[in-house]
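Asks: Just so it is clear, I am handing over entry38.txt, which has compact mmCIF, C-alpha atoms.
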# COMPACT_ATOMS: atom_id res chain seq x y z
CA MET L 1 0.00 0.00 0.00
CA THR L 2 2.86 2.37 0.78
CA ARG L 3 4.28 1.96 -2.71
CA ILE L 4 0.87 2.43 -4.32
CA LEU L 5 0.46 5.72 -2.43
CA GLU L 6 3.95 6.70 -3.59
CA VAL L 7 2.90 6.04 -7.20
CA LEU L 8 -0.28 8.08 -6.71
CA ARG L 9 1.65 11.05 -5.34
CA SER L 10 4.33 10.99 -8.02
CA PHE L 11 2.02 10.60 -11.00
CA GLY L 12 -0.58 12.93 -9.50
CA LEU L 13 1.96 15.75 -9.51
CA LEU L 14 3.00 14.93 -13.07
CA GLY L 15 -0.65 14.83 -14.11
CA VAL L 16 -1.02 18.56 -13.37
CA THR L 17 2.43 19.71 -14.51
CA ALA L 18 3.44 17.51 -17.50
CA PHE L 19 2.63 19.77 -20.42
CA GLY L 20 4.12 19.38 -23.87
CA GLY L 21 2.91 16.07 -25.28
CA PRO L 22 4.27 12.50 -25.28
CA THR L 23 7.94 13.29 -25.93
CA ALA L 24 8.00 15.83 -23.11
CA HIS L 25 6.24 13.34 -20.83
CA LEU L 26 9.04 10.83 -21.37
CA GLY L 27 11.51 13.49 -20.27
CA TYR L 28 9.46 14.21 -17.15
CA PHE L 29 9.29 10.49 -16.34
CA ARG L 30 13.02 9.99 -16.72
CA GLU L 31 13.83 12.95 -14.48
CA GLU L 32 11.35 11.86 -11.81
CA PHE L 33 11.77 8.10 -11.75
CA VAL L 34 15.29 7.43 -13.06
CA VAL L 35 17.25 10.47 -11.88
CA ARG L 36 15.35 11.60 -8.79
CA ARG L 37 13.62 8.55 -7.32
CA ARG L 38 15.87 5.86 -8.83
CA TRP L 39 13.06 3.37 -9.33
CA LEU L 40 14.97 1.86 -12.26
CA SER L 41 18.13 2.37 -14.30
CA ASP L 42 18.49 4.34 -17.52
CA THR L 43 18.91 1.06 -19.42
CA ASP L 44 15.73 -0.39 -17.96
CA TYR L 45 13.85 2.84 -18.65
CA SER L 46 15.02 2.81 -22.28
CA GLU L 47 13.71 -0.75 -22.61
CA VAL L 48 10.27 0.31 -21.37
CA VAL L 49 10.20 3.24 -23.80
CA ALA L 50 11.20 0.90 -26.65
CA ILE L 51 8.32 -1.46 -25.82
CA SER L 52 5.85 1.43 -25.93
CA GLN L 53 7.10 2.44 -29.37
CA LEU L 54 6.35 -1.01 -30.75
CA LEU L 55 2.75 -1.06 -29.55
CA PRO L 56 -0.45 0.72 -30.52
CA GLY L 57 -1.83 3.06 -27.91
CA PRO L 58 -0.81 6.20 -26.01
CA GLY L 59 2.97 5.87 -25.77
CA SER L 60 3.72 8.03 -22.74
CA SER L 61 0.74 6.67 -20.81
CA GLN L 62 1.91 3.12 -21.53
CA VAL L 63 5.35 4.00 -20.17
CA GLY L 64 3.63 5.40 -17.06
CA LEU L 65 1.64 2.19 -16.68
CA ALA L 66 4.83 0.14 -16.90
CA LEU L 67 6.59 2.33 -14.33
CA GLY L 68 3.65 2.02 -11.94
CA TYR L 69 3.62 -1.75 -12.41
CA HIS L 70 7.37 -1.95 -11.85
CA ARG L 71 7.08 -0.06 -8.57
CA ALA L 72 3.92 -1.54 -7.07
CA GLY L 73 2.51 -4.33 -9.25
CA PHE L 74 -0.99 -4.23 -10.68
CA GLY L 75 -2.15 -1.77 -8.03
CA GLY L 76 0.68 0.56 -9.03
CA LEU L 77 -0.28 0.24 -12.68
CA LEU L 78 -3.84 1.38 -11.95
CA ALA L 79 -2.64 4.13 -9.62
CA ALA L 80 -0.23 5.52 -12.23
CA TRP L 81 -2.91 5.61 -14.93
CA PHE L 82 -5.55 7.15 -12.68
CA ALA L 83 -3.30 9.86 -11.23
CA PHE L 84 -1.69 10.84 -14.54
CA THR L 85 -4.94 10.83 -16.55
CA LEU L 86 -7.48 12.32 -14.11
CA PRO L 87 -6.49 16.03 -14.35
CA ALA L 88 -6.59 16.07 -18.17
CA ALA L 89 -9.82 14.04 -18.26
CA VAL L 90 -11.53 16.44 -15.85
CA LEU L 91 -10.40 19.51 -17.76
CA MET L 92 -11.46 18.11 -21.13
CA THR L 93 -14.82 17.01 -19.72
CA ALA L 94 -15.39 20.50 -18.35
CA PHE L 95 -14.48 22.00 -21.72
CA ALA L 96 -17.04 19.79 -23.44
CA MET L 97 -19.75 20.73 -20.93
CA LEU L 98 -19.09 24.43 -21.54
CA PHE L 99 -18.81 24.09 -25.31
CA ASP L 100 -21.93 25.81 -26.60
CA ALA L 101 -20.72 28.13 -29.37
CA PRO L 102 -19.19 26.03 -32.16
CA SER L 103 -19.06 28.96 -34.58
CA ALA L 104 -17.54 31.46 -32.14
CA GLY L 105 -14.28 33.18 -33.05
CA TRP L 106 -12.32 31.53 -30.26
CA THR L 107 -13.35 28.12 -31.62
CA MET L 108 -12.14 29.06 -35.09
CA GLY L 109 -8.86 30.15 -33.52
CA LEU L 110 -8.49 26.69 -31.96
CA LEU L 111 -9.18 25.08 -35.34
CA ALA L 112 -6.43 27.20 -36.91
CA ALA L 113 -4.06 26.22 -34.11
CA ALA L 114 -4.80 22.55 -34.83
CA VAL L 115 -3.29 23.05 -38.31
CA ALA L 116 -0.02 24.21 -36.74
CA VAL L 117 0.00 21.46 -34.12
CA VAL L 118 -0.62 18.63 -36.59
CA PHE L 119 1.85 20.05 -39.14
CA HIS L 120 4.48 20.28 -36.42
CA ALA L 121 3.78 16.68 -35.40
CA VAL L 122 3.88 15.39 -39.00
CA SER L 123 7.13 17.17 -39.85
CA GLY L 124 8.81 15.96 -36.68
CA MET L 125 7.68 12.37 -37.18
CA ALA L 126 8.69 12.42 -40.84
CA LYS L 127 12.27 13.34 -39.95
CA SER L 128 12.69 10.24 -37.78
CA MET L 129 10.18 7.77 -39.28
CA ALA L 130 10.12 8.56 -43.02
CA SER L 131 13.61 9.84 -43.75
CA THR L 132 14.76 7.21 -46.28
CA LYS L 133 13.57 6.60 -49.85
CA ILE L 134 11.63 3.49 -48.88
CA THR L 135 10.04 4.82 -45.68
CA ALA L 136 9.13 8.11 -47.35
CA THR L 137 7.50 6.21 -50.22
CA ILE L 138 5.50 4.09 -47.76
CA ALA L 139 4.38 7.28 -45.97
CA VAL L 140 3.29 9.04 -49.17
CA ALA L 141 1.47 5.95 -50.47
CA ALA L 142 -0.31 5.54 -47.13
CA GLY L 143 -1.45 9.16 -47.11
CA ILE L 144 -2.74 9.07 -50.68
CA THR L 145 -4.55 5.77 -50.06
CA VAL L 146 -6.54 6.98 -47.05
CA LEU L 147 -7.47 10.21 -48.85
CA VAL L 148 -8.70 8.35 -51.93
CA VAL L 149 -10.48 5.58 -49.97
CA PRO L 150 -11.46 7.13 -46.61
CA SER L 151 -12.67 4.48 -44.15
CA THR L 152 -11.65 2.85 -40.90
CA ILE L 153 -10.90 -0.40 -42.73
CA THR L 154 -8.55 1.49 -45.04
CA HIS L 155 -6.65 2.89 -42.07
CA LEU L 156 -6.19 -0.55 -40.56
CA ALA L 157 -5.26 -2.08 -43.92
CA VAL L 158 -2.67 0.64 -44.53
CA ILE L 159 -1.00 -0.12 -41.18
CA VAL L 160 -0.92 -3.86 -41.91
CA VAL L 161 0.44 -3.40 -45.44
CA ALA L 162 3.04 -0.89 -44.22
CA GLY L 163 4.25 -3.45 -41.69
CA ILE L 164 4.50 -6.16 -44.35
CA LEU L 165 6.39 -3.84 -46.71
CA GLY L 166 8.73 -2.88 -43.89
CA ALA L 167 9.45 -6.53 -43.08
CA LEU L 168 10.17 -7.25 -46.75
CA LEU L 169 12.06 -4.11 -47.77
CA LEU L 170 13.73 -2.78 -44.62
CA ARG L 171 15.06 -5.91 -42.94
CA ALA L 172 18.53 -5.58 -44.46
CA ALA L 173 18.83 -1.99 -43.22
CA THR L 174 17.78 -2.82 -39.65
CA ALA L 175 20.71 -3.49 -37.38
CA PRO L 176 20.08 -5.98 -34.56
CA THR L 177 20.43 -4.77 -30.99
CA ALA L 178 22.16 -6.51 -28.18
CA ASP L 179 19.87 -8.52 -25.92
CA GLN L 180 20.55 -7.01 -22.51
CA GLY L 181 17.25 -8.00 -20.88
CA THR L 182 15.34 -5.72 -18.52
CA GLY L 183 15.45 -5.10 -14.83
CA THR L 184 11.73 -4.32 -14.59
CA ARG L 185 9.25 -6.39 -12.62
CA PRO L 186 8.32 -9.43 -14.77
CA VAL L 187 4.73 -9.85 -15.92
CA PRO L 188 3.48 -13.40 -15.28
CA ALA L 189 2.50 -15.51 -18.27
CA TRP L 190 -1.18 -15.59 -17.27
CA ALA L 191 -1.30 -11.80 -17.35
CA GLY L 192 0.68 -11.39 -20.58
CA VAL L 193 -1.23 -14.02 -22.55
CA GLY L 194 -4.53 -13.16 -20.88
CA SER L 195 -4.15 -9.53 -21.88
CA LEU L 196 -3.79 -10.49 -25.53
CA VAL L 197 -6.87 -12.72 -25.34
CA LEU L 198 -8.94 -9.96 -23.72
CA LEU L 199 -7.72 -7.45 -26.31
CA ALA L 200 -8.61 -9.74 -29.21
CA LEU L 201 -12.07 -10.48 -27.82
CA GLY L 202 -12.70 -6.81 -27.09
CA LEU L 203 -11.58 -5.68 -30.54
CA VAL L 204 -13.74 -8.25 -32.31
CA ALA L 205 -16.73 -7.24 -30.17
CA ALA L 206 -16.11 -3.54 -30.84
CA VAL L 207 -15.87 -3.99 -34.60
CA LEU L 208 -18.98 -6.19 -34.75
CA ALA L 209 -21.04 -3.98 -32.44
CA GLY L 210 -20.11 -0.65 -33.99
CA GLY L 211 -21.59 2.53 -32.57
CA PHE L 212 -20.25 5.34 -30.43
CA TYR L 213 -18.65 3.68 -27.41
CA PRO L 214 -17.08 0.66 -29.18
CA ALA L 215 -15.29 3.15 -31.45
CA PHE L 216 -13.06 4.19 -28.54
CA PHE L 217 -11.89 0.66 -27.79
CA GLN L 218 -11.29 0.14 -31.50
CA ALA L 219 -9.29 3.37 -31.80
CA GLY L 220 -7.21 2.58 -28.72
CA SER L 221 -6.34 -0.81 -30.21
CA ILE L 222 -4.99 0.35 -33.58
CA VAL L 223 -3.44 3.78 -33.05
CA PHE L 224 0.31 3.61 -33.70
CA GLY L 225 2.54 6.63 -33.23
CA GLY L 226 1.16 8.40 -30.17
CA GLY L 227 -1.72 10.66 -29.26
CA HIS L 228 -1.77 12.77 -32.42
CA VAL L 229 -2.52 9.76 -34.58
CA VAL L 230 -5.82 9.19 -32.76
CA LEU L 231 -7.15 12.18 -34.74
CA PRO L 232 -7.65 10.48 -38.15
CA VAL L 233 -8.85 7.23 -36.59
CA LEU L 234 -11.51 8.82 -34.37
CA GLU L 235 -12.50 11.17 -37.18
CA GLN L 236 -13.41 8.17 -39.32
CA LEU L 237 -15.17 6.36 -36.47
CA LEU L 238 -17.12 9.29 -35.00
CA VAL L 239 -17.38 12.25 -37.38
CA VAL L 240 -18.07 10.41 -40.64
CA PRO L 241 -21.00 8.42 -39.13
CA GLY L 242 -22.33 11.65 -37.61
CA TRP L 243 -21.84 10.97 -33.90
CA ILE L 244 -19.80 14.19 -33.46
CA GLY L 245 -19.76 17.35 -35.59
CA GLN L 246 -16.55 18.21 -37.43
CA THR L 247 -16.19 21.64 -35.79
CA GLU L 248 -16.72 20.31 -32.27
CA PHE L 249 -14.32 17.44 -32.98
CA LEU L 250 -11.45 19.65 -34.16
CA ALA L 251 -12.00 22.26 -31.45
CA GLY L 252 -11.67 19.57 -28.80
CA TYR L 253 -8.54 18.17 -30.43
CA SER L 254 -6.94 21.61 -30.37
CA ALA L 255 -8.04 22.22 -26.76
CA ALA L 256 -6.36 18.97 -25.78
CA GLN L 257 -3.04 20.69 -26.52
CA ALA L 258 -3.70 23.11 -23.65
CA VAL L 259 -4.00 20.56 -20.85
CA PRO L 260 -1.32 18.52 -19.10
CA GLY L 261 -1.22 14.76 -19.30
CA PRO L 262 -2.07 12.38 -22.14
CA MET L 263 -3.49 13.41 -25.51
CA PHE L 264 -5.95 10.53 -25.24
CA SER L 265 -7.91 12.74 -22.83
CA PHE L 266 -9.45 13.89 -26.12
CA GLY L 267 -11.63 10.81 -25.64
CA SER L 268 -12.98 12.26 -22.38
CA TYR L 269 -14.08 15.37 -24.25
CA LEU L 270 -15.85 13.39 -26.96
CA GLY L 271 -17.63 11.21 -24.40
CA ALA L 272 -18.78 14.27 -22.47
CA LEU L 273 -20.15 15.85 -25.65
CA HIS L 274 -22.14 12.69 -26.29
CA ALA L 275 -23.47 11.87 -22.81
CA GLY L 276 -22.09 14.21 -20.15
CA VAL L 277 -19.90 13.04 -17.28
CA ALA L 278 -21.03 9.41 -17.54
CA GLY L 279 -20.10 9.36 -21.22
CA ALA L 280 -16.69 10.85 -20.41
CA VAL L 281 -15.97 8.14 -17.82
CA ILE L 282 -16.91 5.34 -20.22
CA THR L 283 -14.94 6.67 -23.19
CA THR L 284 -11.88 7.44 -21.06
CA VAL L 285 -11.72 3.86 -19.81
CA LEU L 286 -12.41 2.36 -23.23
CA ILE L 287 -9.79 4.36 -25.13
CA PHE L 288 -7.02 3.64 -22.60
CA LEU L 289 -7.84 -0.02 -21.86
CA PRO L 290 -6.35 -1.54 -25.06
CA GLY L 291 -3.04 0.25 -24.46
CA ALA L 292 -2.87 -1.11 -20.92
CA LEU L 293 -3.56 -4.67 -22.09
CA LEU L 294 -0.95 -4.34 -24.85
CA MET L 295 1.66 -3.00 -22.46
CA LEU L 296 1.21 -5.95 -20.10
CA ALA L 297 1.60 -8.33 -23.03
CA GLY L 298 4.56 -6.34 -24.33
CA LEU L 299 6.38 -6.48 -21.01
CA HIS L 300 5.90 -10.25 -20.94
CA PHE L 301 6.99 -11.03 -24.50
CA TRP L 302 9.52 -8.26 -25.11
CA GLY L 303 12.58 -10.12 -23.88
CA ARG L 304 11.99 -12.94 -26.38
CA TRP L 305 11.18 -10.95 -29.49
CA ARG L 306 12.74 -7.52 -29.33
CA THR L 307 15.97 -8.28 -31.23
CA HIS L 308 14.30 -10.07 -34.14
CA PRO L 309 15.33 -8.07 -37.25
CA THR L 310 12.13 -8.85 -39.17
CA LEU L 311 9.99 -7.48 -36.33
CA GLN L 312 12.12 -4.36 -36.09
CA ALA L 313 11.84 -3.82 -39.86
CA ALA L 314 8.06 -4.28 -39.74
CA VAL L 315 7.81 -1.68 -37.00
CA ARG L 316 9.79 0.77 -39.16
CA GLY L 317 7.30 0.20 -41.95
CA VAL L 318 4.35 0.74 -39.62
CA ASN L 319 5.89 3.97 -38.33
CA ALA L 320 6.27 5.25 -41.89
CA GLY L 321 2.64 4.39 -42.60
CA VAL L 322 1.60 6.31 -39.50
CA VAL L 323 3.32 9.41 -40.87
CA GLY L 324 1.22 9.08 -44.02
CA LEU L 325 -2.02 8.70 -42.03
CA LEU L 326 -1.33 11.83 -40.03
CA GLY L 327 -0.26 13.70 -43.15
CA ALA L 328 -3.59 12.88 -44.78
CA ALA L 329 -5.41 14.10 -41.67
CA LEU L 330 -3.42 17.33 -41.85
CA TYR L 331 -5.11 18.04 -45.17
CA ASP L 332 -8.57 16.69 -44.40
CA PRO L 333 -10.12 17.48 -41.97
CA VAL L 334 -7.57 19.72 -40.20
CA PHE L 335 -6.55 22.16 -42.96
CA THR L 336 -9.86 22.16 -44.81
CA HIS L 337 -11.74 23.17 -41.66
CA GLY L 338 -9.07 25.21 -39.90
CA ILE L 339 -8.06 27.60 -42.70
CA THR L 340 -10.98 29.70 -43.87
CA GLY L 341 -9.17 32.89 -44.90
CA VAL L 342 -6.12 35.08 -44.43
CA ALA L 343 -6.77 35.65 -40.72
CA SER L 344 -6.97 31.94 -39.83
CA LEU L 345 -3.91 31.24 -42.01
CA ALA L 346 -2.02 33.94 -40.11
CA ILE L 347 -3.03 32.41 -36.76
CA ALA L 348 -1.91 28.94 -37.90
CA THR L 349 1.42 30.28 -39.19
CA VAL L 350 2.18 32.18 -36.00
CA CYS L 351 1.23 29.12 -33.94
CA TRP L 352 3.65 26.98 -35.95
CA LEU L 353 6.37 29.59 -35.48
CA GLY L 354 5.77 29.56 -31.74
CA LEU L 355 5.84 25.76 -31.53
CA ALA L 356 8.70 24.99 -33.88
CA LYS L 357 11.07 27.92 -33.41
CA TRP L 358 10.26 29.74 -30.18
CA LYS L 359 9.44 26.52 -28.30
CA ILE L 360 6.34 28.03 -26.74
CA PRO L 361 4.40 25.40 -24.69
CA PRO L 362 1.44 23.88 -26.55
CA TRP L 363 -1.00 24.96 -23.83
CA ALA L 364 0.05 28.58 -24.36
CA ILE L 365 -0.36 28.15 -28.12
CA ALA L 366 -3.92 26.92 -27.64
CA VAL L 367 -4.86 29.73 -25.27
CA GLY L 368 -3.28 32.35 -27.52
CA SER L 369 -4.97 31.03 -30.64
CA ALA L 370 -8.37 31.06 -28.96
CA LEU L 371 -7.83 34.66 -27.94
CA ALA L 372 -6.63 35.62 -31.43
CA GLY L 373 -9.62 33.93 -33.00
CA TRP L 374 -12.00 35.74 -30.65
CA ILE L 375 -10.47 39.06 -31.76
CA LEU L 376 -9.93 38.41 -35.46
CA LEU L 377 -12.51 35.86 -36.62
Kindly return the structure encoded in the file as structure tokens.
Replies:
Amino acid sequence: MTRILEVLRSFGLLGVTAFGGPTAHLGYFREEFVVRRRWLSDTDYSEVVAISQLLPGPGSSQVGLALGYHRAGFGGLLAAWFAFTLPAAVLMTAFAMLFDAPSAGWTMGLLAAAVAVVFHAVSGMAKSMASTKITATIAVAAGITVLVVPSTITHLAVIVVAGILGALLLRAATAPTADQGTGTRPVPAWAGVGSLVLLALGLVAAVLAGGFYPAFFQAGSIVFGGGHVVLPVLEQLLVVPGWIGQTEFLAGYSAAQAVPGPMFSFGSYLGALHAGVAGAVITTVLIFLPGALLMLAGLHFWGRWRTHPTLQAAVRGVNAGVVGLLGAALYDPVFTHGITGVASLAIATVCWLGLAKWKIPPWAIAVGSALAGWILL
């Protein structure tokens, strides 16, 4: 119990101070748990981060889950997720409850800011995930495909095909890594295998059932590349069928940049729009649950599979495909709805300048864009 309370305190503080998105969160985690608290070594922490990069789901949240599990078992895992996610979920739920002017200028400012945020994410991911001739080609082909044939099935098919192409074309260029093992708490076989079984059953049920709430479990199961990539997936699952309006959807995505904690708190906002606080609770659990199940399975199987060159090459292909998916979303719906004239283009450009060059925190970008939109639009 003492360790669980320690996890709650540590992640609770990070939940209200960790601004800046998944990459920044990983820096906060390292400083807090490797440097300051010495829960694990740098090598062990790097292993946990590597596992999260291989799996669908919210990367930084999955690292937090693993750190909580390492410190205090399954109770620590739940405590880490709850404490790190709660502040963002509450803020995004409150935003949804107050959202009653979808055509207001401040909303249009947030939509313009979303253009800058997604462009910044795409350009940064492209530099590391689509920097070679083959990976760039996979990314471009993926983006064109989902624009020409927009559907959830297309998104999933693109990820699968990108992984196959990576395994076939990138294996020779993927250097094996030394198998050093991990010093983290081992996940028992029943939990690792059981998590995969539960995930498979849940995903099949979500796809067959369809509808609003199953969409969140489905999205949480297939989103590679971090919180930003949930945008095109949820857009196909919720906006296209008409569950959520395009303007409300993009405004919430942009507002999610202004809160600390995980980007998947966007799901809390969407649930609150649909059914108030109860809807927010359900969607928050459903969108995070697949990532938790995958992380438990990943911790169990990682030591056996992580150095396999074919797997590493497939992951490189998937990452390139993810860049293409997000690039397509940058055009439609983000750009097509966020840029309506010279004023909104100016807001988006200044927001990009602030993010990319002046390193202004994303929360400040969101607040400033809302204010600029209120004045100019």
Asks: Would you mind listing what lies within 7 Å of stretch 326-331 of chain L as a list in words, with all atoms listed in the file counted and same-chain residues fewer than 4 positions away left out?
Replies: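 In the requested form, the answer reads Val115, Val118, Phe119, Val122, Gly143, Val146, Leu147, Val229, Pro232, Val322, Phe335 and Thr336 of chain L.
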Asks: Pull C-alpha atoms from the residues just selected and write them as an mmCIF file, in the coordinates of the input.
Replies:
data_model
loop_
_atom_site.group_PDB
_atom_site.id
_atom_site.type_symbol
_atom_site.label_atom_id
_atom_site.label_comp_id
_atom_site.auth_asym_id
_atom_site.auth_seq_id
_atom_site.Cartn_x
_atom_site.Cartn_y
_atom_site.Cartn_z
ATOM 1 C CA VAL L 115 -3.290 23.050 -38.310
ATOM 2 C CA VAL L 118 -0.620 18.630 -36.590
ATOM 3 C CA PHE L 119 1.850 20.050 -39.140
ATOM 4 C CA VAL L 122 3.880 15.390 -39.000
ATOM 5 C CA GLY L 143 -1.450 9.160 -47.110
ATOM 6 C CA VAL L 146 -6.540 6.980 -47.050
ATOM 7 C CA LEU L 147 -7.470 10.210 -48.850
ATOM 8 C CA VAL L 229 -2.520 9.760 -34.580
ATOM 9 C CA PRO L 232 -7.650 10.480 -38.150
ATOM 10 C CA VAL L 322 1.600 6.310 -39.500
ATOM 11 C CA PHE L 335 -6.550 22.160 -42.960
ATOM 12 C CA THR L 336 -9.860 22.160 -44.810
#
Asks: Enumerate, in order of chain and increasing residue number, the residues of stretch 275-351 of chain L with an atom no farther than 8 Å from stretch 197-216 of chain L, each with its shortest atom pair and distance in Å to one decimal, counting all atoms listed in the file, as CSV.
Replies:
residue,atom,partner,partner_atom,distance
L:Ile282,CA,L:Tyr213,CA,7.6
L:Thr283,CA,L:Phe216,CA,6.2
L:Leu286,CA,L:Phe216,CA,5.7
L:Ile287,CA,L:Phe216,CA,4.7
L:Pro290,CA,L:Leu199,CA,6.2
L:Leu293,CA,L:Leu199,CA,6.5
L:Leu294,CA,L:Leu199,CA,7.6
Asks: So, counting all atoms listed in the file, which residue among L:His274, L:His337, L:Ala112, L:Ala94 is closest to L:Gly242?
Replies: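 Closest to L:Gly242 of all the choices is L:His274.
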Asks: What lies within 10 Å of L:Ala141 using all atoms listed in the file, ignoring chain neighbours under 6 positions off, as a short mmCIF file (atom, residue, chain, number, x, y, z; two decimals) with C-alpha atoms, in the coordinates of the input?
Replies:
data_model
loop_
_atom_site.label_atom_id
_atom_site.label_comp_id
_atom_site.auth_asym_id
_atom_site.auth_seq_id
_atom_site.Cartn_x
_atom_site.Cartn_y
_atom_site.Cartn_z
CA THR L 135 10.04 4.82 -45.68
CA VAL L 158 -2.67 0.64 -44.53
CA ALA L 162 3.04 -0.89 -44.22
CA ALA L 320 6.27 5.25 -41.89
CA GLY L 321 2.64 4.39 -42.60
CA GLY L 324 1.22 9.08 -44.02
CA LEU L 325 -2.02 8.70 -42.03
#
Asks: Just checking: using all atoms listed in the file, which residue out of L:Ala80, L:Ala314, L:Leu110, L:Ala255 ends up closest to L:Arg3?
Replies: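 For L:Arg3, the nearest of the candidates is L:Ala80.
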Asks: Compare L:Pro58, L:Pro22, L:Pro333, L:Gly220 by their minimum atom-to-atom distance to L:Gly245, counting all atoms listed in the file, and give me the closest one.
Replies: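 Between L:Pro58, L:Pro22, L:Pro333, L:Gly220, the residue approaching L:Gly245 most closely is L:Pro333.
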Asks: Scan for residues within 6 Å of the point (12.4, -3.8, -25.3) in the coordinates of the file, using only C-alpha atoms, and reply as a VMD selection string.
Replies: chain L and resid 47 50 to 51 302 306
